[in-house]
$ cat structure32.txt   # compact mmCIF, C-alpha atoms
# COMPACT_ATOMS: atom_id res chain seq x y z
CA MET A 1 -10.49 -22.41 3.58
CA SER A 2 -13.64 -23.14 5.52
CA LYS A 3 -13.89 -26.74 6.57
CA TYR A 4 -16.45 -28.71 4.60
CA ASN A 5 -18.11 -31.76 6.08
CA ILE A 6 -17.76 -34.90 4.01
CA LEU A 7 -19.47 -38.26 4.41
CA VAL A 8 -17.39 -41.28 3.37
CA VAL A 9 -19.29 -44.32 2.14
CA GLU A 10 -16.92 -47.25 1.63
CA ASP A 11 -17.39 -50.88 2.65
CA GLU A 12 -13.67 -51.72 2.91
CA SER A 13 -12.62 -50.60 6.37
CA ILE A 14 -8.95 -50.02 5.54
CA VAL A 15 -9.78 -48.05 2.39
CA SER A 16 -12.34 -45.98 4.30
CA LYS A 17 -9.78 -45.08 6.98
CA ASP A 18 -7.21 -44.13 4.34
CA ILE A 19 -9.73 -41.85 2.63
CA GLN A 20 -10.68 -40.23 5.92
CA GLN A 21 -7.03 -39.64 6.76
CA SER A 22 -6.44 -38.03 3.37
CA LEU A 23 -9.48 -35.80 3.81
CA LYS A 24 -8.27 -34.61 7.21
CA LYS A 25 -4.84 -33.81 5.76
CA LEU A 26 -6.55 -31.77 3.05
CA GLY A 27 -8.45 -29.77 5.66
CA TYR A 28 -11.91 -31.35 5.49
CA ASN A 29 -14.10 -32.54 8.36
CA ILE A 30 -15.43 -36.08 8.43
CA ALA A 31 -19.21 -35.96 8.83
CA GLY A 32 -19.30 -39.73 9.23
CA ALA A 33 -18.39 -43.03 7.65
CA ALA A 34 -20.70 -45.78 6.46
CA ALA A 35 -20.22 -49.22 4.96
CA THR A 36 -23.76 -49.71 3.67
CA GLY A 37 -26.25 -47.64 1.74
CA GLU A 38 -28.80 -47.76 4.54
CA LYS A 39 -26.28 -46.42 7.06
CA ALA A 40 -25.13 -43.74 4.63
CA ILE A 41 -28.68 -42.43 4.25
CA GLU A 42 -29.14 -42.42 8.02
CA ILE A 43 -25.93 -40.43 8.59
CA ALA A 44 -26.69 -38.05 5.72
CA ASN A 45 -30.09 -37.24 7.22
CA GLU A 46 -28.56 -36.66 10.64
CA THR A 47 -25.48 -34.62 9.68
CA ARG A 48 -26.42 -33.01 6.34
CA PRO A 49 -22.85 -33.13 4.96
CA ASP A 50 -21.60 -30.79 2.26
CA LEU A 51 -20.56 -33.68 0.02
CA VAL A 52 -20.61 -37.48 -0.12
CA LEU A 53 -17.79 -39.69 -1.37
CA MET A 54 -19.61 -42.83 -2.48
CA ASP A 55 -18.16 -46.22 -3.36
CA ILE A 56 -20.27 -47.63 -6.19
CA MET A 57 -19.96 -51.30 -5.19
CA LEU A 58 -21.28 -51.58 -1.64
CA LYS A 59 -22.12 -54.70 0.29
CA GLY A 60 -25.71 -55.13 1.33
CA ASP A 61 -29.06 -54.56 -0.36
CA MET A 62 -28.31 -51.11 -1.78
CA SER A 63 -25.62 -50.25 -4.28
CA GLY A 64 -23.75 -46.96 -4.11
CA ILE A 65 -25.67 -45.77 -7.16
CA GLU A 66 -29.05 -46.44 -5.51
CA THR A 67 -27.84 -44.80 -2.31
CA ALA A 68 -26.56 -41.70 -4.12
CA ASP A 69 -29.86 -41.37 -5.98
CA LYS A 70 -31.86 -41.40 -2.74
CA ILE A 71 -29.54 -38.91 -1.00
CA LYS A 72 -29.68 -36.56 -3.96
CA ALA A 73 -33.47 -36.79 -4.22
CA SER A 74 -34.17 -36.16 -0.54
CA LEU A 75 -31.31 -33.86 0.50
CA GLY A 76 -29.80 -32.42 -2.68
CA ILE A 77 -26.26 -33.21 -1.50
CA PRO A 78 -23.57 -33.53 -4.21
CA VAL A 79 -22.01 -36.98 -4.64
CA ILE A 80 -18.65 -38.06 -6.03
CA TYR A 81 -18.31 -41.72 -6.92
CA LEU A 82 -15.27 -43.74 -5.91
CA THR A 83 -14.77 -46.99 -7.78
CA ALA A 84 -12.29 -49.50 -9.08
CA TYR A 85 -14.72 -50.30 -11.88
CA ALA A 86 -14.56 -48.19 -15.03
CA ASP A 87 -16.47 -50.45 -17.40
CA GLU A 88 -19.10 -48.99 -19.70
CA ASN A 89 -22.00 -50.71 -17.94
CA THR A 90 -21.07 -49.23 -14.54
CA LEU A 91 -20.53 -45.78 -16.04
CA SER A 92 -23.90 -45.90 -17.79
CA LYS A 93 -25.71 -46.69 -14.55
CA ALA A 94 -23.75 -44.11 -12.56
CA LYS A 95 -24.14 -41.15 -14.92
CA VAL A 96 -27.95 -41.34 -14.75
CA THR A 97 -27.73 -40.08 -11.15
CA GLU A 98 -25.75 -37.03 -12.34
CA PRO A 99 -22.79 -37.27 -9.95
CA TYR A 100 -20.46 -34.34 -9.38
CA GLY A 101 -17.39 -36.43 -10.02
CA TYR A 102 -16.08 -39.91 -10.70
CA ILE A 103 -12.72 -41.00 -9.24
CA ILE A 104 -11.07 -44.27 -10.24
CA LYS A 105 -9.23 -46.17 -7.51
CA PRO A 106 -6.40 -46.03 -6.67
CA PHE A 107 -6.20 -42.25 -6.69
CA LYS A 108 -3.82 -39.58 -5.44
CA GLU A 109 -4.67 -36.96 -2.83
CA ILE A 110 -4.38 -34.23 -5.46
CA ASP A 111 -7.06 -35.99 -7.54
CA LEU A 112 -9.30 -36.25 -4.49
CA HIS A 113 -8.77 -32.61 -3.55
CA THR A 114 -9.37 -31.33 -7.09
CA SER A 115 -12.54 -33.38 -7.55
CA ILE A 116 -13.98 -32.28 -4.21
CA GLU A 117 -13.26 -28.57 -4.75
CA MET A 118 -14.72 -28.65 -8.26
CA ALA A 119 -17.84 -30.45 -7.03
CA LEU A 120 -18.36 -28.05 -4.12
CA TYR A 121 -17.90 -25.03 -6.38
CA LYS A 122 -20.31 -26.38 -8.99
CA HIS A 123 -22.91 -27.20 -6.35
CA SER A 124 -22.62 -23.75 -4.74
CA LYS A 125 -23.16 -22.04 -8.10
CA GLU A 126 -26.16 -24.23 -8.85
CA ALA A 127 -27.59 -23.37 -5.42
CA GLU A 128 -27.13 -19.65 -6.15
CA ILE A 129 -28.96 -20.00 -9.45
CA LEU A 130 -31.84 -21.87 -7.81
CA LYS A 131 -32.05 -19.29 -5.04
CA GLU A 132 -32.07 -16.45 -7.54
CA ARG A 133 -34.66 -18.23 -9.69
CA ASP A 134 -36.96 -18.77 -6.71
CA PHE A 135 -36.50 -15.14 -5.66
CA LEU A 136 -37.32 -13.90 -9.14
CA PHE A 137 -40.35 -16.16 -9.32
CA SER A 138 -41.59 -14.77 -6.03
CA LEU A 139 -41.19 -11.25 -7.40
CA VAL A 140 -42.91 -12.06 -10.66
CA GLU A 141 -45.68 -13.81 -8.75
CA ASN A 142 -45.85 -10.72 -6.54
CA LYS A 143 -47.29 -12.77 -3.69
CA ASP A 144 -47.35 -10.03 -1.10
CA GLY A 145 -47.09 -6.91 -3.22
CA ASP A 146 -49.06 -4.55 -5.39
CA ASP A 147 -51.05 -6.26 -8.15
CA ASN A 148 -50.13 -3.37 -10.45
CA VAL A 149 -46.38 -3.98 -10.18
CA ILE A 150 -44.10 -6.82 -11.24
CA PHE A 151 -40.32 -7.13 -11.07
CA VAL A 152 -38.28 -8.53 -13.94
CA LYS A 153 -34.58 -9.22 -14.33
CA SER A 154 -32.70 -7.19 -16.93
CA ASN A 155 -28.91 -7.20 -17.26
CA SER A 156 -28.43 -8.50 -13.70
CA ARG A 157 -30.79 -5.83 -12.33
CA LEU A 158 -34.30 -6.18 -10.96
CA VAL A 159 -36.51 -3.69 -12.73
CA LYS A 160 -39.91 -2.61 -11.45
CA VAL A 161 -42.53 -2.58 -14.18
CA ASN A 162 -45.97 -1.09 -13.75
CA THR A 163 -48.54 -3.35 -15.37
CA SER A 164 -50.20 -0.20 -16.74
CA ASP A 165 -47.14 0.27 -18.96
CA ILE A 166 -47.27 -3.22 -20.48
CA LEU A 167 -48.45 -3.32 -24.09
CA PHE A 168 -48.47 -7.07 -24.59
CA VAL A 169 -46.78 -10.32 -23.58
CA GLU A 170 -45.45 -12.74 -26.18
CA ALA A 171 -44.51 -16.42 -25.78
CA LEU A 172 -41.19 -17.67 -27.18
CA LYS A 173 -40.73 -21.38 -26.43
CA ASP A 174 -39.76 -21.63 -22.72
CA TYR A 175 -39.66 -17.86 -22.29
CA VAL A 176 -42.07 -14.95 -22.38
CA VAL A 177 -41.27 -11.43 -23.50
CA ILE A 178 -42.92 -8.55 -21.64
CA ASN A 179 -43.22 -5.62 -24.03
CA ILE A 180 -43.58 -2.01 -22.90
CA SER A 181 -43.35 1.07 -25.10
CA ASP A 182 -39.57 1.49 -24.89
CA ALA A 183 -38.24 -1.85 -23.65
CA LYS A 184 -38.58 -5.64 -23.71
CA TYR A 185 -37.97 -8.01 -20.81
CA THR A 186 -37.45 -11.73 -21.36
CA ILE A 187 -38.09 -14.10 -18.46
CA HIS A 188 -38.16 -17.87 -18.08
CA SER A 189 -41.83 -18.66 -17.54
CA THR A 190 -44.98 -19.82 -19.30
CA MET A 191 -47.94 -17.87 -20.62
CA LYS A 192 -50.19 -19.71 -18.20
CA GLU A 193 -48.14 -18.55 -15.22
CA ILE A 194 -47.86 -14.97 -16.46
CA GLU A 195 -51.58 -14.84 -17.15
CA LYS A 196 -52.23 -15.74 -13.52
CA LYS A 197 -49.99 -12.92 -12.27
CA LEU A 198 -51.35 -10.07 -14.39
CA PRO A 199 -54.54 -8.29 -13.28
CA ALA A 200 -57.37 -10.12 -15.02
CA SER A 201 -59.40 -6.93 -15.25
CA ASP A 202 -56.76 -5.28 -17.44
CA PHE A 203 -55.36 -8.11 -19.57
CA GLN A 204 -56.79 -10.57 -22.06
CA ARG A 205 -55.34 -13.68 -23.65
CA VAL A 206 -56.03 -13.29 -27.38
CA HIS A 207 -53.87 -16.04 -28.80
CA ARG A 208 -51.93 -19.00 -27.44
CA SER A 209 -48.81 -16.86 -27.85
CA TYR A 210 -50.13 -13.42 -26.86
CA ILE A 211 -51.65 -11.58 -23.92
CA VAL A 212 -52.62 -7.92 -24.47
CA ARG A 213 -53.52 -5.07 -22.18
CA ILE A 214 -57.08 -4.14 -23.13
CA ASP A 215 -56.62 -0.37 -22.93
CA LYS A 216 -53.58 -0.56 -25.27
CA ILE A 217 -55.71 -1.84 -28.17
CA ILE A 218 -56.22 1.00 -30.65
CA ALA A 219 -57.89 -0.97 -33.46
CA ILE A 220 -58.94 -4.43 -34.58
CA GLU A 221 -58.23 -5.27 -38.21
CA GLN A 222 -59.35 -8.85 -38.29
CA PRO A 223 -57.71 -11.19 -37.85
CA ASN A 224 -55.27 -8.88 -36.02
CA ILE A 225 -55.16 -6.44 -33.13
CA VAL A 226 -53.31 -3.14 -33.52
CA ILE A 227 -51.52 -2.19 -30.32
CA GLU A 228 -50.75 1.35 -29.15
CA GLY A 229 -47.94 2.75 -31.24
CA GLY A 230 -49.17 0.84 -34.27
CA LYS A 231 -45.92 -1.06 -34.72
CA LYS A 232 -47.21 -4.49 -33.79
CA LEU A 233 -50.05 -6.54 -35.24
CA ILE A 234 -51.14 -9.30 -32.90
CA PRO A 235 -53.16 -12.22 -34.27
CA ILE A 236 -56.48 -13.16 -32.68
CA GLY A 237 -56.74 -16.89 -32.05
CA GLY A 238 -60.06 -18.47 -33.00
CA SER A 239 -60.69 -19.90 -29.55
CA TYR A 240 -60.08 -16.49 -27.91
CA LYS A 241 -62.10 -14.31 -30.27
CA ASP A 242 -65.49 -14.49 -28.53
CA GLU A 243 -64.06 -13.75 -25.09
CA LEU A 244 -62.13 -10.76 -26.44
CA PHE A 245 -65.19 -9.30 -28.16
CA ASP A 246 -67.24 -9.79 -25.00
CA ARG A 247 -64.78 -7.59 -23.15
CA ILE A 248 -64.57 -4.65 -25.53
CA LYS A 249 -67.45 -2.23 -25.99
CA LEU A 250 -68.93 -2.53 -29.48
CA ILE A 251 -71.35 0.02 -30.87
$ encode --input "structure32.txt" --output "structure tokens"
Amino acid sequence: MSKYNILVVEDESIVSKDIQQSLKKLGYNIAGAAATGEKAIEIANETRPDLVLMDIMLKGDMSGIETADKIKASLGIPVIYLTAYADENTLSKAKVTEPYGYIIKPFKEIDLHTSIEMALYKHSKEAEILKERDFLFSLVENKDGDDNVIFVKSNSRLVKVNTSDILFVEALKDYVVINISDAKYTIHSTMKEIEKKLPASDFQRVHRSYIVRIDKIIAIEQPNIVIEGGKKLIPIGGSYKDELFDRIKLI
């Protein structure tokens, strides 16, 4: 097991030393120990620990809950609360900060070990998801690539899609569906963002829920557009009608 660095925030010196001793026995490194929220933030910024064990009731101007909230906001480090208080009011305040665990004192080493391992695992998986999301966004945005190509995720694969093959894009709540002749790709995005990424010369927003590729329009049967293949009728939104008609050649 690789040694994780853990910051202990506890204002009772004897309790803090006991916790540190237990952590060492379990194979963890001690990134530091603090008795106040201010000191905890200072150490966290200096050492960037993998996890923080935070006593909720700290002496001084900052409570453990306030301290955890600041550490999470600035550093994204997972926090497990340690407390002798399990009343509803304390729990209500603590859960707002979305801790990775909540251990009631006194606790056994096995409880400490289990809570830490679960929190570290959960945090690592969340970090993977965020990293993958950012990577996918960068591909969809195509910051440094060909404007005629986007990459979308399909069944855990990244698939290259030529924008010339796209028939239309449809909005579905928090997702958009990219439709090509023989496939559909659903990604977590907004129509506004997708509209920015597609070549403006080739695509036109025709409805709040639809973007079409101009050269895939085979007919207009108002109030609908017939897309290549003839299997899909796309409505024309009133506020988009004039702009669409300005772009197609009428005779």
$ residues_around --input "structure32.txt" --residues "stretch 102-112 of chain A" --least-positions-apart "3" --cutoff "10 Å" --atoms "all atoms listed in the file" --output "ChimeraX atom specification"
/A:15,19,22-23,25-26,53-56,79-86,91,94-95,99,115-117
$ atom_distance --input "structure32.txt" --atom1 "atom CA of A:Lys24" --atom2 "atom CA of A:Thr90"
29.2 Å
$ residues_near_point --input "structure32.txt" --point "(-60.5, -6.9, -15.4)" --cutoff "12 Å" --atoms "only C-alpha atoms" --output "PyMOL selection string"
chain A and resi 147+198-205+213-215+244+247-248
$ residues_around --input "structure32.txt" --residues "A:Val52" --least-positions-apart "3" --cutoff "8 Å" --atoms "all atoms listed in the file" --output "JSON, numbers by chain"
{"A": [6, 7, 8, 9, 49, 77, 78, 79, 80]}
$ closest_residue --input "structure32.txt" --among "A:Met191, A:Met62, A:Ala31, A:Ile178" --to "A:Thr47" --atoms "all atoms listed in the file"
A:Ala31
